[in-house]
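A.B. asks: Supplied structure: entry12.pdb, PDB, C-alpha atoms.
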```
ATOM      1  CA  MET A 641    -234.897  46.988 231.632
ATOM      2  CA  ALA A 642    -234.772  48.846 228.322
ATOM      3  CA  GLY A 643    -232.419  51.424 229.769
ATOM      4  CA  GLN A 644    -229.736  48.772 230.139
ATOM      5  CA  TYR A 645    -229.424  48.398 226.391
ATOM      6  CA  LYS A 646    -230.571  51.734 224.954
ATOM      7  CA  LEU A 647    -228.065  54.503 224.278
ATOM      8  CA  SER A 648    -228.880  58.094 225.205
ATOM      9  CA  GLU A 649    -229.859  60.160 222.170
ATOM     10  CA  ALA A 650    -226.689  62.265 222.385
ATOM     11  CA  LYS A 651    -224.444  59.238 222.633
ATOM     12  CA  LYS A 652    -226.333  57.499 219.849
ATOM     13  CA  LYS A 653    -225.811  60.465 217.498
ATOM     14  CA  ASP A 654    -222.099  60.555 218.314
ATOM     15  CA  MET A 655    -221.805  56.814 217.684
ATOM     16  CA  ILE A 656    -223.619  56.985 214.338
ATOM     17  CA  ARG A 657    -221.414  59.889 213.175
ATOM     18  CA  GLY A 658    -218.313  57.849 213.917
ATOM     19  CA  LEU A 659    -219.691  54.476 212.861
ATOM     20  CA  PHE A 660    -218.764  54.628 209.183
ATOM     21  CA  THR A 661    -215.101  55.421 209.787
ATOM     22  CA  THR A 662    -214.742  52.895 212.598
ATOM     23  CA  PHE A 663    -216.547  50.130 210.770
ATOM     24  CA  CYS A 664    -214.572  50.560 207.561
ATOM     25  CA  CYS A 665    -211.304  50.472 209.494
ATOM     26  CA  LEU A 666    -212.362  47.223 211.134
ATOM     27  CA  ALA A 667    -213.384  45.767 207.803
ATOM     28  CA  LEU A 668    -210.204  46.794 206.012
ATOM     29  CA  PHE A 669    -207.514  46.162 208.553
ATOM     30  CA  GLY A 670    -208.429  43.305 210.804
ATOM     31  CA  CYS A 671    -210.749  41.058 212.663
ATOM     32  CA  SER A 672    -210.449  42.544 216.116
ATOM     33  CA  GLU A 673    -213.703  43.464 217.841
ATOM     34  CA  PRO A 674    -215.270  42.241 221.101
ATOM     35  CA  SER A 675    -213.776  38.765 222.717
ATOM     36  CA  THR A 676    -214.566  35.635 224.951
ATOM     37  CA  PRO A 677    -213.776  33.939 228.232
ATOM     38  CA  ASP A 678    -212.786  30.336 228.470
ATOM     39  CA  ILE A 679    -216.258  28.984 227.795
ATOM     40  CA  THR A 680    -215.177  25.413 228.440
ATOM     41  CA  SER A 681    -214.940  25.916 232.204
ATOM     42  CA  SER A 682    -217.971  24.800 234.202
ATOM     43  CA  LYS A 683    -217.991  28.139 236.024
ATOM     44  CA  THR A 684    -218.263  30.164 232.832
ATOM     45  CA  SER A 685    -220.744  27.785 231.203
ATOM     46  CA  SER A 686    -223.010  28.092 234.234
ATOM     47  CA  ALA A 687    -222.796  31.879 234.044
ATOM     48  CA  ILE A 688    -223.785  31.858 230.367
ATOM     49  CA  ASN A 689    -226.751  29.591 231.012
ATOM     50  CA  LYS A 690    -227.945  31.546 234.054
ATOM     51  CA  GLN A 691    -227.661  34.987 232.438
ATOM     52  CA  SER A 692    -229.373  33.842 229.240
ATOM     53  CA  SER A 693    -232.112  32.055 231.157
ATOM     54  CA  ASP A 694    -232.794  34.994 233.478
ATOM     55  CA  ILE A 695    -233.186  37.610 230.775
ATOM     56  CA  GLY A 696    -234.909  35.153 228.455
ATOM     57  CA  ASN A 697    -237.589  34.250 230.974
ATOM     58  CA  ARG A 698    -238.360  37.921 231.602
ATOM     59  CA  GLN A 699    -238.303  39.207 228.040
ATOM     60  CA  ILE A 700    -238.983  36.436 225.521
ATOM     61  CA  ALA A 701    -242.737  37.036 225.585
ATOM     62  CA  THR A 702    -242.184  40.536 224.180
ATOM     63  CA  LEU A 703    -240.272  39.439 221.076
ATOM     64  CA  SER A 704    -241.621  40.976 217.896
ATOM     65  CA  THR A 705    -242.938  38.542 215.311
ATOM     66  CA  SER A 706    -241.502  40.695 212.536
ATOM     67  CA  LEU A 707    -238.019  42.202 212.429
ATOM     68  CA  ILE A 708    -236.485  40.506 215.473
ATOM     69  CA  ASP A 709    -237.894  37.109 214.551
ATOM     70  CA  GLN A 710    -236.534  37.370 211.021
ATOM     71  CA  MET A 711    -233.104  38.524 212.195
ATOM     72  CA  VAL A 712    -232.909  35.781 214.817
ATOM     73  CA  LYS A 713    -233.792  33.199 212.159
ATOM     74  CA  GLU A 714    -231.096  34.609 209.876
ATOM     75  CA  SER A 715    -228.584  34.619 212.727
ATOM     76  CA  ASN A 716    -229.422  31.039 213.672
ATOM     77  CA  ARG A 717    -229.002  29.916 210.061
ATOM     78  CA  LEU A 718    -225.666  31.674 209.695
ATOM     79  CA  LEU A 719    -224.289  30.513 213.041
ATOM     80  CA  THR A 720    -225.397  26.937 212.397
ATOM     81  CA  GLU A 721    -223.394  27.045 209.169
ATOM     82  CA  THR A 722    -220.432  28.485 211.063
ATOM     83  CA  SER A 723    -220.624  25.814 213.774
ATOM     84  CA  ASN A 724    -220.851  23.059 211.163
ATOM     85  CA  ALA A 725    -217.860  24.493 209.310
ATOM     86  CA  ALA A 726    -215.865  24.606 212.552
ATOM     87  CA  ALA A 727    -216.742  20.955 213.197
ATOM     88  CA  LYS A 728    -215.505  19.983 209.723
ATOM     89  CA  LEU A 729    -212.317  21.951 210.314
ATOM     90  CA  GLN A 730    -211.769  20.084 213.572
ATOM     91  CA  SER A 731    -212.274  16.745 211.801
ATOM     92  CA  SER A 732    -209.798  17.672 209.066
ATOM     93  CA  ILE A 733    -207.196  18.599 211.681
ATOM     94  CA  ASP A 734    -207.745  15.317 213.502
ATOM     95  CA  LYS A 735    -207.056  13.558 210.207
ATOM     96  CA  LEU A 736    -203.966  15.659 209.487
ATOM     97  CA  THR A 737    -202.450  15.013 212.904
ATOM     98  CA  THR A 738    -203.060  11.261 212.772
ATOM     99  CA  GLN A 739    -202.403  10.723 209.046
ATOM    100  CA  PRO A 740    -200.168  13.566 207.836
ATOM    101  CA  SER A 741    -200.040  13.736 204.041
ATOM    102  CA  LYS A 742    -200.254  16.287 201.253
ATOM    103  CA  GLU A 743    -203.920  15.404 200.849
ATOM    104  CA  SER A 744    -204.825  15.790 204.532
ATOM    105  CA  LEU A 745    -202.879  19.067 204.749
ATOM    106  CA  GLN A 746    -204.677  20.410 201.676
ATOM    107  CA  GLU A 747    -208.040  19.358 203.108
ATOM    108  CA  ALA A 748    -207.270  21.189 206.359
ATOM    109  CA  HIS A 749    -206.368  24.295 204.322
ATOM    110  CA  GLN A 750    -209.691  24.151 202.495
ATOM    111  CA  GLN A 751    -211.720  23.609 205.657
ATOM    112  CA  TRP A 752    -209.967  26.499 207.408
ATOM    113  CA  SER A 753    -210.818  28.847 204.534
ATOM    114  CA  LEU A 754    -214.453  27.743 204.441
ATOM    115  CA  ALA A 755    -214.901  28.076 208.204
ATOM    116  CA  HIS A 756    -213.218  31.468 208.400
ATOM    117  CA  ASP A 757    -215.132  32.890 205.437
ATOM    118  CA  THR A 758    -218.387  31.798 207.068
ATOM    119  CA  TYR A 759    -217.457  33.311 210.418
ATOM    120  CA  ILE A 760    -216.423  36.668 208.915
ATOM    121  CA  SER A 761    -219.963  37.294 207.690
ATOM    122  CA  THR A 762    -221.146  37.339 211.331
ATOM    123  CA  ARG A 763    -219.357  40.691 211.681
ATOM    124  CA  LEU A 764    -222.617  42.439 210.820
ATOM    125  CA  LEU A 765    -224.377  40.787 213.775
ATOM    126  CA  ARG A 766    -221.665  41.837 216.211
ATOM    127  CA  GLN A 767    -221.636  45.393 214.879
ATOM    128  CA  TRP A 768    -225.414  45.645 215.235
ATOM    129  CA  LEU A 769    -225.229  44.542 218.869
ATOM    130  CA  LYS A 770    -222.346  46.921 219.513
ATOM    131  CA  SER A 771    -224.196  49.896 218.005
ATOM    132  CA  LEU A 772    -227.111  49.207 220.368
ATOM    133  CA  ASN A 773    -224.805  48.849 223.376
ATOM    134  CA  ILE A 774    -225.898  45.243 223.940
ATOM    135  CA  ILE A 775    -223.148  43.587 225.951
ATOM    136  CA  HIS A 776    -223.298  39.931 226.908
ATOM    137  CA  PRO A 777    -222.265  39.667 230.586
ATOM    138  CA  VAL A 778    -219.907  36.786 229.813
ATOM    139  CA  LEU A 779    -219.032  36.691 226.106
ATOM    140  CA  ASP A 780    -218.406  40.404 225.594
ATOM    141  CA  VAL A 781    -216.250  41.249 228.605
ATOM    142  CA  THR A 782    -212.533  41.260 229.327
ATOM    143  CA  LEU A 783    -211.225  40.562 232.827
ATOM    144  CA  SER A 784    -207.752  40.262 234.321
ATOM    145  CA  SER A 785    -208.836  39.028 237.751
ATOM    146  CA  PRO A 786    -209.798  36.922 239.598
ATOM    147  CA  GLU A 787    -209.298  34.947 236.372
ATOM    148  CA  LEU A 788    -208.101  36.011 232.926
ATOM    149  CA  VAL A 789    -211.016  36.354 230.512
ATOM    150  CA  HIS A 790    -210.893  37.315 226.827
ATOM    151  CA  THR A 791    -213.943  38.329 224.852
ATOM    152  CA  ASN A 792    -215.524  35.738 222.598
ATOM    153  CA  HIS A 793    -214.555  37.475 219.378
ATOM    154  CA  ASN A 794    -210.947  37.999 220.457
ATOM    155  CA  ARG A 795    -210.661  34.309 221.235
ATOM    156  CA  ILE A 796    -212.073  33.414 217.832
ATOM    157  CA  ASP A 797    -210.601  35.918 215.376
ATOM    158  CA  GLN A 798    -207.915  38.168 216.867
ATOM    159  CA  TYR A 799    -205.661  39.522 214.102
ATOM    160  CA  PRO A 800    -202.907  40.302 213.157
ATOM    161  CA  LEU A 801    -200.439  38.049 214.940
ATOM    162  CA  ILE A 802    -196.687  37.600 215.316
ATOM    163  CA  PRO A 803    -195.939  34.152 213.809
ATOM    164  CA  GLY A 804    -192.747  33.656 215.804
ATOM    165  CA  TYR A 805    -194.806  33.725 218.990
ATOM    166  CA  LEU A 806    -196.158  30.309 217.994
ATOM    167  CA  ASP A 807    -193.604  28.391 215.939
ATOM    168  CA  LYS A 808    -190.493  28.543 213.796
ATOM    169  CA  VAL A 809    -190.082  31.343 211.277
ATOM    170  CA  GLN A 810    -187.342  32.163 208.802
ATOM    171  CA  GLY A 811    -184.121  32.788 210.687
ATOM    172  CA  TYR A 812    -185.545  31.505 213.983
ATOM    173  CA  PRO A 813    -186.019  27.726 213.731
ATOM    174  CA  LEU A 814    -186.636  27.183 217.449
ATOM    175  CA  SER A 815    -188.997  30.028 218.318
ATOM    176  CA  GLY A 816    -192.495  30.086 219.732
ATOM    177  CA  LEU A 817    -194.752  27.998 221.922
ATOM    178  CA  ILE A 818    -193.996  24.866 219.930
ATOM    179  CA  HIS A 819    -190.341  24.965 220.955
ATOM    180  CA  SER A 820    -190.938  26.111 224.517
ATOM    181  CA  GLU A 821    -191.475  24.065 227.657
ATOM    182  CA  ILE A 822    -194.921  25.568 228.272
ATOM    183  CA  GLU A 823    -197.516  22.847 228.715
ATOM    184  CA  LEU A 824    -200.132  23.009 225.968
ATOM    185  CA  THR A 825    -203.443  23.087 227.825
ATOM    186  CA  LYS A 826    -206.684  25.037 227.693
ATOM    187  CA  ASP A 827    -205.604  27.164 230.658
ATOM    188  CA  SER A 828    -202.066  27.810 229.432
ATOM    189  CA  LEU A 829    -203.285  28.936 226.002
ATOM    190  CA  ASN A 830    -205.753  31.282 227.669
ATOM    191  CA  GLN A 831    -202.856  32.773 229.643
ATOM    192  CA  GLU A 832    -200.540  33.055 226.635
ATOM    193  CA  HIS A 833    -203.224  34.612 224.411
ATOM    194  CA  LEU A 834    -202.590  38.382 224.047
ATOM    195  CA  LEU A 835    -199.994  38.223 226.825
ATOM    196  CA  GLY A 836    -198.433  41.683 226.791
ATOM    197  CA  ASP A 837    -199.332  42.483 223.177
ATOM    198  CA  SER A 838    -202.451  42.261 221.002
ATOM    199  CA  ALA A 839    -200.386  40.457 218.339
ATOM    200  CA  TYR A 840    -199.376  37.654 220.716
ATOM    201  CA  VAL A 841    -202.208  35.480 219.470
ATOM    202  CA  ALA A 842    -202.410  31.919 220.786
ATOM    203  CA  LEU A 843    -206.095  31.129 220.147
ATOM    204  CA  GLY A 844    -208.532  31.241 217.269
ATOM    205  CA  PHE A 845    -208.616  31.173 213.500
ATOM    206  CA  HIS A 846    -205.360  33.003 212.867
ATOM    207  CA  ALA A 847    -203.266  30.917 215.217
ATOM    208  CA  LEU A 848    -204.646  27.916 213.320
ATOM    209  CA  GLU A 849    -203.972  29.623 210.005
ATOM    210  CA  PHE A 850    -200.278  30.082 210.708
ATOM    211  CA  MET A 851    -199.905  26.563 212.073
ATOM    212  CA  LEU A 852    -201.557  25.119 208.954
ATOM    213  CA  PHE A 853    -200.206  27.401 206.227
ATOM    214  CA  GLY A 854    -196.885  28.661 207.577
ATOM    215  CA  GLU A 855    -195.556  32.054 206.551
ATOM    216  CA  SER A 856    -195.014  33.706 203.193
ATOM    217  CA  GLY A 857    -191.897  32.235 201.618
ATOM    218  CA  ASN A 858    -191.800  29.428 204.170
ATOM    219  CA  PRO A 859    -194.989  27.376 203.730
ATOM    220  CA  ARG A 860    -195.947  24.517 205.987
ATOM    221  CA  ILE A 861    -194.954  21.050 204.741
ATOM    222  CA  VAL A 862    -196.127  17.563 205.672
ATOM    223  CA  ALA A 863    -192.836  16.846 207.453
ATOM    224  CA  ASP A 864    -193.761  19.482 210.045
ATOM    225  CA  PHE A 865    -196.460  17.116 211.295
ATOM    226  CA  SER A 866    -194.771  13.767 210.719
ATOM    227  CA  ILE A 867    -192.911  11.788 213.388
ATOM    228  CA  GLU A 868    -191.495   9.259 210.916
ATOM    229  CA  ASN A 869    -187.869   9.359 209.788
ATOM    230  CA  THR A 870    -187.098  12.480 211.807
ATOM    231  CA  SER A 871    -184.654  13.428 214.518
ATOM    232  CA  LYS A 872    -185.654  13.391 218.171
ATOM    233  CA  SER A 873    -186.056  17.185 218.253
ATOM    234  CA  GLN A 874    -188.106  17.231 215.040
ATOM    235  CA  ASN A 875    -190.225  14.406 216.400
ATOM    236  CA  GLN A 876    -190.935  16.377 219.568
ATOM    237  CA  SER A 877    -191.846  19.506 217.585
ATOM    238  CA  ALA A 878    -194.223  17.530 215.363
ATOM    239  CA  LYS A 879    -195.931  16.033 218.410
ATOM    240  CA  ARG A 880    -196.405  19.462 219.976
ATOM    241  CA  ARG A 881    -197.787  20.867 216.713
ATOM    242  CA  ALA A 882    -200.300  18.037 216.563
ATOM    243  CA  LYS A 883    -201.360  18.564 220.169
ATOM    244  CA  TYR A 884    -201.603  22.327 219.706
ATOM    245  CA  LEU A 885    -203.625  22.060 216.491
ATOM    246  CA  LYS A 886    -206.116  19.635 218.004
ATOM    247  CA  LEU A 887    -206.583  21.799 221.085
ATOM    248  CA  LEU A 888    -206.920  24.982 219.016
ATOM    249  CA  SER A 889    -209.605  23.514 216.771
ATOM    250  CA  LYS A 890    -211.519  22.122 219.754
ATOM    251  CA  LEU A 891    -211.540  25.461 221.598
ATOM    252  CA  LEU A 892    -212.432  27.355 218.424
ATOM    253  CA  LYS A 893    -215.460  25.141 217.842
ATOM    254  CA  GLN A 894    -216.595  25.596 221.452
ATOM    255  CA  ASP A 895    -216.214  29.386 221.304
ATOM    256  CA  ILE A 896    -218.245  29.588 218.094
ATOM    257  CA  GLU A 897    -220.935  27.405 219.654
ATOM    258  CA  ALA A 898    -221.090  29.716 222.688
ATOM    259  CA  PHE A 899    -221.801  32.678 220.406
ATOM    260  CA  SER A 900    -224.395  30.634 218.536
ATOM    261  CA  VAL A 901    -226.201  29.610 221.740
ATOM    262  CA  SER A 902    -226.490  33.256 222.756
ATOM    263  CA  TRP A 903    -228.599  33.872 219.628
ATOM    264  CA  ASN A 904    -230.998  31.012 220.400
ATOM    265  CA  ARG A 905    -234.620  32.038 219.759
ATOM    266  CA  LEU A 906    -236.052  30.589 222.972
ATOM    267  CA  ASP A 907    -233.493  31.441 225.638
ATOM    268  CA  GLY A 908    -230.640  33.332 223.977
ATOM    269  CA  TYR A 909    -229.335  36.492 225.618
ATOM    270  CA  TYR A 910    -229.137  38.590 222.448
ATOM    271  CA  PRO A 911    -232.723  38.094 221.163
ATOM    272  CA  ALA A 912    -234.086  38.903 224.619
ATOM    273  CA  ALA A 913    -231.949  42.037 224.830
ATOM    274  CA  LEU A 914    -233.077  43.171 221.372
ATOM    275  CA  ALA A 915    -236.683  42.800 222.505
ATOM    276  CA  THR A 916    -236.203  45.585 225.058
ATOM    277  CA  ILE A 917    -235.395  48.181 222.376
ATOM    278  CA  PRO A 918    -238.026  50.090 220.357
ATOM    279  CA  GLU A 919    -238.383  48.679 216.861
ATOM    280  CA  GLU A 920    -237.734  52.011 215.146
ATOM    281  CA  GLU A 921    -234.355  52.184 216.870
ATOM    282  CA  LEU A 922    -233.567  48.605 215.850
ATOM    283  CA  ARG A 923    -234.450  49.405 212.243
ATOM    284  CA  ALA A 924    -232.416  52.594 212.049
ATOM    285  CA  SER A 925    -229.362  50.941 213.563
ATOM    286  CA  LEU A 926    -229.606  47.794 211.431
ATOM    287  CA  ARG A 927    -230.019  49.724 208.189
ATOM    288  CA  GLN A 928    -227.030  51.902 209.054
ATOM    289  CA  ILE A 929    -224.904  48.838 209.795
ATOM    290  CA  ALA A 930    -225.963  47.049 206.588
ATOM    291  CA  GLU A 931    -225.267  50.082 204.391
ATOM    292  CA  VAL A 932    -221.859  50.662 205.967
ATOM    293  CA  GLU A 933    -221.057  46.964 205.526
ATOM    294  CA  LEU A 934    -221.877  47.124 201.814
ATOM    295  CA  GLU A 935    -219.716  50.209 201.334
ATOM    296  CA  ALA A 936    -216.836  48.644 203.292
ATOM    297  CA  CYS A 937    -217.030  45.533 201.107
ATOM    298  CA  ARG A 938    -216.934  47.636 197.951
ATOM    299  CA  GLN A 939    -213.799  49.357 199.219
ATOM    300  CA  ILE A 940    -212.155  46.037 200.084
ATOM    301  CA  GLN A 941    -212.983  44.592 196.650
ATOM    302  CA  MET A 942    -210.894  47.337 195.055
ATOM    303  CA  LEU A 943    -207.901  46.419 197.232
ATOM    304  CA  ILE A 944    -207.961  42.617 196.939
ATOM    305  CA  GLY A 945    -204.986  41.522 194.872
ATOM    306  CA  LYS A 946    -203.197  44.831 195.390
ATOM    307  CA  GLN A 947    -202.197  44.339 199.029
ATOM    308  CA  ALA A 948    -202.399  41.754 201.799
ATOM    309  CA  MET A 949    -205.978  41.521 203.003
ATOM    310  CA  HIS A 950    -207.757  39.718 205.784
ATOM    311  CA  ASP A 951    -210.798  39.142 203.579
ATOM    312  CA  THR A 952    -210.984  36.962 200.477
ATOM    313  CA  LYS A 953    -213.282  37.191 197.462
ATOM    314  CA  SER A 954    -215.505  34.479 198.916
ATOM    315  CA  SER A 955    -215.709  36.087 202.374
ATOM    316  CA  ILE A 956    -216.592  39.432 200.790
ATOM    317  CA  ALA A 957    -219.318  37.720 198.764
ATOM    318  CA  ALA A 958    -220.732  36.207 201.971
ATOM    319  CA  ARG A 959    -220.691  39.574 203.746
ATOM    320  CA  ILE A 960    -222.427  41.309 200.835
ATOM    321  CA  SER A 961    -225.038  38.561 200.637
ATOM    322  CA  LEU A 962    -225.906  38.904 204.326
ATOM    323  CA  ALA A 963    -226.077  42.709 204.158
ATOM    324  CA  ASN A 964    -228.440  42.510 201.183
ATOM    325  CA  ARG A 965    -230.634  39.961 202.968
ATOM    326  CA  VAL A 966    -230.784  42.272 205.975
ATOM    327  CA  ILE A 967    -231.970  45.164 203.813
ATOM    328  CA  GLU A 968    -234.578  42.885 202.227
ATOM    329  CA  THR A 969    -235.730  41.862 205.711
ATOM    330  CA  LEU A 970    -236.073  45.505 206.724
ATOM    331  CA  GLU A 971    -238.274  46.117 203.693
ATOM    332  CA  SER A 972    -240.390  42.978 204.053
ATOM    333  CA  THR A 973    -241.102  43.584 207.751
ATOM    334  CA  ARG A 974    -241.721  47.315 207.445
ATOM    335  CA  GLN A 975    -244.836  48.396 209.260
ATOM    336  CA  ASN A 976    -247.398  50.301 207.219
TER     337      ASN A 976
END
```
Would you encode the structure as structure tokens?
C.D. replies:
Amino acid sequence: MAGQYKLSEAKKKDMIRGLFTTFCCLALFGCSEPSTPDITSSKTSSAINKQSSDIGNRQIATLSTSLIDQMVKESNRLLTETSNAAAKLQSSIDKLTTQPSKESLQEAHQQWSLAHDTYISTRLLRQWLKSLNIIHPVLDVTLSSPELVHTNHNRIDQYPLIPGYLDKVQGYPLSGLIHSEIELTKDSLNQEHLLGDSAYVALGFHALEFMLFGESGNPRIVADFSIENTSKSQNQSAKRRAKYLKLLSKLLKQDIEAFSVSWNRLDGYYPAALATIPEEELRASLRQIAEVELEACRQIQMLIGKQAMHDTKSSIAARISLANRVIETLESTRQN
């Protein structure tokens, strides 16, 4: 079983040599990493439960009481915070779409920022799994047939995007999904997401970001969501924005919860997979990831305010805090 998750020594050395450059590029220039299928379908949900249960039943008894336990606890804490933040974001969007006002729009802005900052800090967890070649059979795969499947991360945080793919932009007042005749459903958004280009983003945090904030020089206003005192065409656009926002926030919350479930201590796929790898390999990989994360954050801190960045000061603080806690965990669980 261990061979399924353990890299060969040669491949591991190659990966570690290239890890710093790759990781810093990811940290500096975008969110894109591994992605998710449509976890709301009964077929996919059953697959997640079966795969997690199968590996969990075989391997959970071998879990270390030291490093793995501490990292799973940290992951559960972080992902619980992320799930709660996504739930609050969904509630704020429900309020905005039913009672559009400056206050409800501002609240949605704040909740988006809080939820996204919390999610960004989970990058370290995904990078650790990736460095160990741990691939969830459902959440970490991309398929084009028999059904279109995106990885969990790409559903949640694909970036950058082309704003005009979704809604009006300067010079093009009738562009995007909002002004199309495409039905706004779970399945249609899954089909439109990354259709032909990685910047054709229809799901996740950044689709929500554009719909809530608008674009630079053309910010979103309350009238974009209001159906009062507007023309028939404006009314229709506002209704589609409301429907799209509510669906986006619902799917985002479900995708985050799917990732969280896979870290569950008792039957999660990732803890069971980690238990098949020698602890010295886990330690070496985790320390490397944490140190690279700290260096990447230091580099980003020097660029914030000088150029457009995906990270914010608060998200960088969260990433640094997690990396430092990881290093402390490595020290506190070190075997004598």
A.B. asks: Can you tell me which residues surround A:Leu834 at a distance of at most 10 Å, considering only C-alpha atoms, apart from same-chain residues fewer than 2 positions away, and format the answer as number ranges by chain?
C.D. replies: A: 790, 794-795, 798, 801, 829-832, 836-843
A.B. asks: Work out how far atom CA of A:Asp807 is from atom CA of A:Ile867, in Å to one decimal.
C.D. replies: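 Between atom CA of A:Ile867 and atom CA of A:Asp807 the gap is 16.8 Å.
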A.B. asks: Which residue, A:Ser753, A:Asn964, A:Ser871, A:Ser744, has the smallest gap to A:Ser732 when you use all atoms listed in the file?
C.D. replies: A:Ser744
A.B. asks: On this structure, the PyMOL selection byres ((chain A and resi 759) around 12) would catch which residues? List them as a VMD selection string, sorted by chain and number.
C.D. replies: chain A and resid 671 715 718 to 726 752 to 758 760 to 766 793 796 to 797 844 to 845 892 to 893 895 to 897 899 to 900 951 954 to 956 958 to 959 962
A.B. asks: Take the residues that were just selected and, keeping C-alpha atoms, output them as a compact mmCIF listing (two decimals), in the frame of the given file.
C.D. replies:
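And here's result-v5.txt as it stands now:
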```txt
# COMPACT_ATOMS: atom_id res chain seq x y z
CA CYS A 671 -210.75 41.06 212.66
CA SER A 715 -228.58 34.62 212.73
CA LEU A 718 -225.67 31.67 209.70
CA LEU A 719 -224.29 30.51 213.04
CA THR A 720 -225.40 26.94 212.40
CA GLU A 721 -223.39 27.04 209.17
CA THR A 722 -220.43 28.48 211.06
CA SER A 723 -220.62 25.81 213.77
CA ASN A 724 -220.85 23.06 211.16
CA ALA A 725 -217.86 24.49 209.31
CA ALA A 726 -215.86 24.61 212.55
CA TRP A 752 -209.97 26.50 207.41
CA SER A 753 -210.82 28.85 204.53
CA LEU A 754 -214.45 27.74 204.44
CA ALA A 755 -214.90 28.08 208.20
CA HIS A 756 -213.22 31.47 208.40
CA ASP A 757 -215.13 32.89 205.44
CA THR A 758 -218.39 31.80 207.07
CA ILE A 760 -216.42 36.67 208.92
CA SER A 761 -219.96 37.29 207.69
CA THR A 762 -221.15 37.34 211.33
CA ARG A 763 -219.36 40.69 211.68
CA LEU A 764 -222.62 42.44 210.82
CA LEU A 765 -224.38 40.79 213.78
CA ARG A 766 -221.66 41.84 216.21
CA HIS A 793 -214.56 37.48 219.38
CA ILE A 796 -212.07 33.41 217.83
CA ASP A 797 -210.60 35.92 215.38
CA GLY A 844 -208.53 31.24 217.27
CA PHE A 845 -208.62 31.17 213.50
CA LEU A 892 -212.43 27.36 218.42
CA LYS A 893 -215.46 25.14 217.84
CA ASP A 895 -216.21 29.39 221.30
CA ILE A 896 -218.24 29.59 218.09
CA GLU A 897 -220.94 27.40 219.65
CA PHE A 899 -221.80 32.68 220.41
CA SER A 900 -224.40 30.63 218.54
CA ASP A 951 -210.80 39.14 203.58
CA SER A 954 -215.50 34.48 198.92
CA SER A 955 -215.71 36.09 202.37
CA ILE A 956 -216.59 39.43 200.79
CA ALA A 958 -220.73 36.21 201.97
CA ARG A 959 -220.69 39.57 203.75
CA LEU A 962 -225.91 38.90 204.33
```
A.B. asks: Tell me, in Å to one decimal, how far atom CA of A:Val932 is from atom CA of A:Asn904.
C.D. replies: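 Atom CA of A:Asn904 lies at a distance of 26.0 Å from atom CA of A:Val932.
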A.B. asks: Could you expand the PyMOL selection byres ((chain A and resi 927-930) around 8) into the explicit residues it covers here, written as a ChimeraX atom specification?
C.D. replies: /A:764,767-768,923-926,931-934,963-964,966-967,970
A.B. asks: Could the residues in this selection be written to a file with C-alpha atoms, as a CSV table (one decimal), in the coordinates of the input?
C.D. replies:
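Here's the written file out27.csv:
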```
chain,number,residue,atom,x,y,z
A,764,LEU,CA,-222.6,42.4,210.8
A,767,GLN,CA,-221.6,45.4,214.9
A,768,TRP,CA,-225.4,45.6,215.2
A,923,ARG,CA,-234.4,49.4,212.2
A,924,ALA,CA,-232.4,52.6,212.0
A,925,SER,CA,-229.4,50.9,213.6
A,926,LEU,CA,-229.6,47.8,211.4
A,931,GLU,CA,-225.3,50.1,204.4
A,932,VAL,CA,-221.9,50.7,206.0
A,933,GLU,CA,-221.1,47.0,205.5
A,934,LEU,CA,-221.9,47.1,201.8
A,963,ALA,CA,-226.1,42.7,204.2
A,964,ASN,CA,-228.4,42.5,201.2
A,966,VAL,CA,-230.8,42.3,206.0
A,967,ILE,CA,-232.0,45.2,203.8
A,970,LEU,CA,-236.1,45.5,206.7
```
A.B. asks: Work out how far atom CA of A:Gly945 is from atom CA of A:Val862, in Å to one decimal.
C.D. replies: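 Atom CA of A:Gly945 lies at a distance of 27.7 Å from atom CA of A:Val862.
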A.B. asks: Residues picked by the PyMOL selection byres ((chain A and resi 737) around 9) here, as a ChimeraX atom specification?
C.D. replies: /A:732-736,738-740,744,865-866,878-879,881-883,885-886
A.B. asks: Emit the selected residues as a compact mmCIF listing (two decimals), in the frame of the given file, including C-alpha atoms.
C.D. replies:
```
# COMPACT_ATOMS: atom_id res chain seq x y z
CA SER A 732 -209.80 17.67 209.07
CA ILE A 733 -207.20 18.60 211.68
CA ASP A 734 -207.74 15.32 213.50
CA LYS A 735 -207.06 13.56 210.21
CA LEU A 736 -203.97 15.66 209.49
CA THR A 738 -203.06 11.26 212.77
CA GLN A 739 -202.40 10.72 209.05
CA PRO A 740 -200.17 13.57 207.84
CA SER A 744 -204.82 15.79 204.53
CA PHE A 865 -196.46 17.12 211.30
CA SER A 866 -194.77 13.77 210.72
CA ALA A 878 -194.22 17.53 215.36
CA LYS A 879 -195.93 16.03 218.41
CA ARG A 881 -197.79 20.87 216.71
CA ALA A 882 -200.30 18.04 216.56
CA LYS A 883 -201.36 18.56 220.17
CA LEU A 885 -203.62 22.06 216.49
CA LYS A 886 -206.12 19.64 218.00
```
A.B. asks: Which is closest to A:Ala913 among A:Thr782, A:Ser972, A:Asn773, A:Asn858, if we use all atoms listed in the file?
C.D. replies: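 For A:Ala913, the nearest of the candidates is A:Asn773.
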A.B. asks: For A:Thr973, work out the shell of residues within 7 Å, counting all atoms listed in the file and skipping chain neighbours fewer than 3 positions away, then give it as a list in words.
C.D. replies: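 Within the cut-off, the hits are Ser706, Leu707, Thr969 and Leu970 of chain A.
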A.B. asks: List as a PyMOL selection string the protein and nucleic acid residues near A:Trp903, meaning an atom at most 9 Å away when only C-alpha atoms are counted, but skip any in the same chain fewer than 2 places from it.
C.D. replies: chain A and resi 712+715-716+719+899-901+905-912
A.B. asks: A:Arg880, A:Ile802, A:Leu779, A:Tyr812: which is nearest A:Leu824, counting all atoms listed in the file?
C.D. replies: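 Of the candidates, the smallest distance to A:Leu824 is held by A:Arg880.
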